[in-house]
Amino acid sequence: MSDSPLRPSSLINTVYGAFLRRLGCWISIADLITLMAELDVDGPAVRSAISRLKKRGVLEPERRGATGYRLSPAVHAVFDEGDRRIFTSLEPADLADGWAMAVFSVPESERSHRYQLRTRLTWLGFGNIAPGVWLAPGRLLDDARSMLVRLGLSGYVHLFAAEYAAFSDLPETVGSWWDFPAIQTQYAAFTDTYAPVAARLAAEGEPAAAEAFRHYVPLLTQWRRLPYLDPGLPSELLPADWNAVAARRLFQELHAVLLGPSLRHVREVTGLREA
């Protein structure tokens with residue numbers, strides 16, 4: 001795992017996103033507690049995390065012969081968007097595809113919306129280039145549009161498909177718009193944690209289903225933050241020592257080895273089948 005413990009609610013989100021969406025989006029609380037115990041999360045911590053996820057509208061109680069929780073239909077689009085960022089946007093953007101630009105002005109009386117806009121744009125991978133002006137690779141335009149509509153913030157923002165024309169040295173300038181050292185620190189932590197796991201699995205072969213699950217859920221939980229911190233800038237604009245490429249390769253390797261047996265383990269524990 002990472003140096004900072006992964007929160008039970010984040011691990012539960014991963015279990016729903018990686019497995020339960022394939023298996024009907026529901027699990028009994030007893031089976032969830034069983035699975036989470038394998039990740040060193042006890043029953044009271046699971047129940048507390050479930051309560052927080054309910055309040056946030058992520059999970060809804062539903063009885064199917066046993067007490068359990070299903071993924072709220074309202075967040076299915078959020079998980080789908082996450083899949084695109086985590087699994088299909090692993091390669092750097094193409095410089096020729098241009099930029100997505102967001103420009104907003106929020107009245108002081110509604111400054112909570114200003115904070116929410118800044119937070120969400122940063123989470124999507126936008127960099128702040130001037131007060132109220134944010135920039136990201138052009139391929140993030142649709143995700144930005146969907147996010148702004150979903151959160152009711154579209155009335156505050158103008159979105160543009162933009163092209164950089166002049167005058168600065170762009171590779172040098174983008175370093176002031178994104179915090180490259182902070183991003184690289186996160187990639188280095190991921191690689192330090194999981195390179196030894198990959199080496200051991202390569203030597204020992206495919207792990208047992210339960211072991212794969214114990215590796216895969218923390219792996220994906222730690223990884224899924226990174227495609228949001230990293231805007232996926234074109235390679236021409238990145239530092240020469242950019243360490244994201246090796247980290248992505250490591251994630252892809254472990255994802256390919258661990259997902260199948262992990263899903264099998266969840267099915268064995270819960271008795272659930274693909275929807």
# chains A, B, ... in the order shown; residues from 1 in each chain; ligands from 1

call {"tool": "select_by_dssp", "arguments": {"residues": "segment 148-209 of chain A", "states": "strand (DSSP E or B)", "output": "ChimeraX atom specification"}}
result
/A:157-162

call {"tool": "atom_distance", "arguments": {"atom1": "atom CA of Ala202 of chain A", "atom2": "atom CA of Ala256 of chain A"}}
result
12.2 Å

call {"tool": "select_by_dssp", "arguments": {"residues": "segment 86-132 of chain A", "states": "helix (DSSP H, G or I)", "output": "ChimeraX atom specification"}}
result
/A:86-88,95-97,108-124

call {"tool": "residues_around", "arguments": {"residues": "Asn13 of chain A", "least_positions_apart": "3", "cutoff": "9 Å", "atoms": "only C-alpha atoms", "output": "PDB file with N, CA, C and O atoms, in the first residue's frame"}}
result
ATOM      1  N   PRO A   8     -11.159   3.406   4.166  1.00  0.00           N
ATOM      2  CA  PRO A   8     -12.136   2.349   3.884  1.00  0.00           C
ATOM      3  C   PRO A   8     -13.149   2.744   2.811  1.00  0.00           C
ATOM      4  O   PRO A   8     -13.510   1.926   1.964  1.00  0.00           O
ATOM      5  N   SER A   9     -13.605   3.997   2.831  1.00  0.00           N
ATOM      6  CA  SER A   9     -14.589   4.414   1.823  1.00  0.00           C
ATOM      7  C   SER A   9     -13.991   4.374   0.422  1.00  0.00           C
ATOM      8  O   SER A   9     -14.684   4.030  -0.557  1.00  0.00           O
ATOM      9  N   SER A  10     -12.704   4.694   0.281  1.00  0.00           N
ATOM     10  CA  SER A  10     -12.056   4.619  -1.030  1.00  0.00           C
ATOM     11  C   SER A  10     -11.928   3.176  -1.495  1.00  0.00           C
ATOM     12  O   SER A  10     -12.129   2.866  -2.676  1.00  0.00           O
ATOM     13  N   TYR A  16     -16.846  -1.581  -5.550  1.00  0.00           N
ATOM     14  CA  TYR A  16     -18.046  -1.372  -6.373  1.00  0.00           C
ATOM     15  C   TYR A  16     -17.663  -1.098  -7.822  1.00  0.00           C
ATOM     16  O   TYR A  16     -18.260  -1.654  -8.750  1.00  0.00           O
ATOM     17  N   GLY A  17     -16.677  -0.227  -8.034  1.00  0.00           N
ATOM     18  CA  GLY A  17     -16.330   0.159  -9.397  1.00  0.00           C
ATOM     19  C   GLY A  17     -15.715  -0.960 -10.199  1.00  0.00           C
ATOM     20  O   GLY A  17     -16.040  -1.142 -11.384  1.00  0.00           O
ATOM     21  N   ALA A  18     -14.829  -1.735  -9.584  1.00  0.00           N
ATOM     22  CA  ALA A  18     -14.094  -2.765 -10.323  1.00  0.00           C
ATOM     23  C   ALA A  18     -14.875  -4.054 -10.479  1.00  0.00           C
ATOM     24  O   ALA A  18     -14.729  -4.749 -11.495  1.00  0.00           O
ATOM     25  N   LEU A  53     -20.846   7.023   2.639  1.00  0.00           N
ATOM     26  CA  LEU A  53     -21.157   6.882   1.214  1.00  0.00           C
ATOM     27  C   LEU A  53     -22.650   7.049   0.958  1.00  0.00           C
ATOM     28  O   LEU A  53     -23.057   7.562  -0.085  1.00  0.00           O
ATOM     29  N   VAL A  58     -23.744   7.994  -2.869  1.00  0.00           N
ATOM     30  CA  VAL A  58     -23.047   6.989  -3.676  1.00  0.00           C
ATOM     31  C   VAL A  58     -23.736   5.643  -3.575  1.00  0.00           C
ATOM     32  O   VAL A  58     -23.865   4.916  -4.569  1.00  0.00           O
ATOM     33  N   THR A 221      -7.008   1.417  -6.045  1.00  0.00           N
ATOM     34  CA  THR A 221      -7.387   2.571  -5.219  1.00  0.00           C
ATOM     35  C   THR A 221      -6.293   3.628  -5.245  1.00  0.00           C
ATOM     36  O   THR A 221      -6.574   4.828  -5.351  1.00  0.00           O
TER      37      THR A 221
END
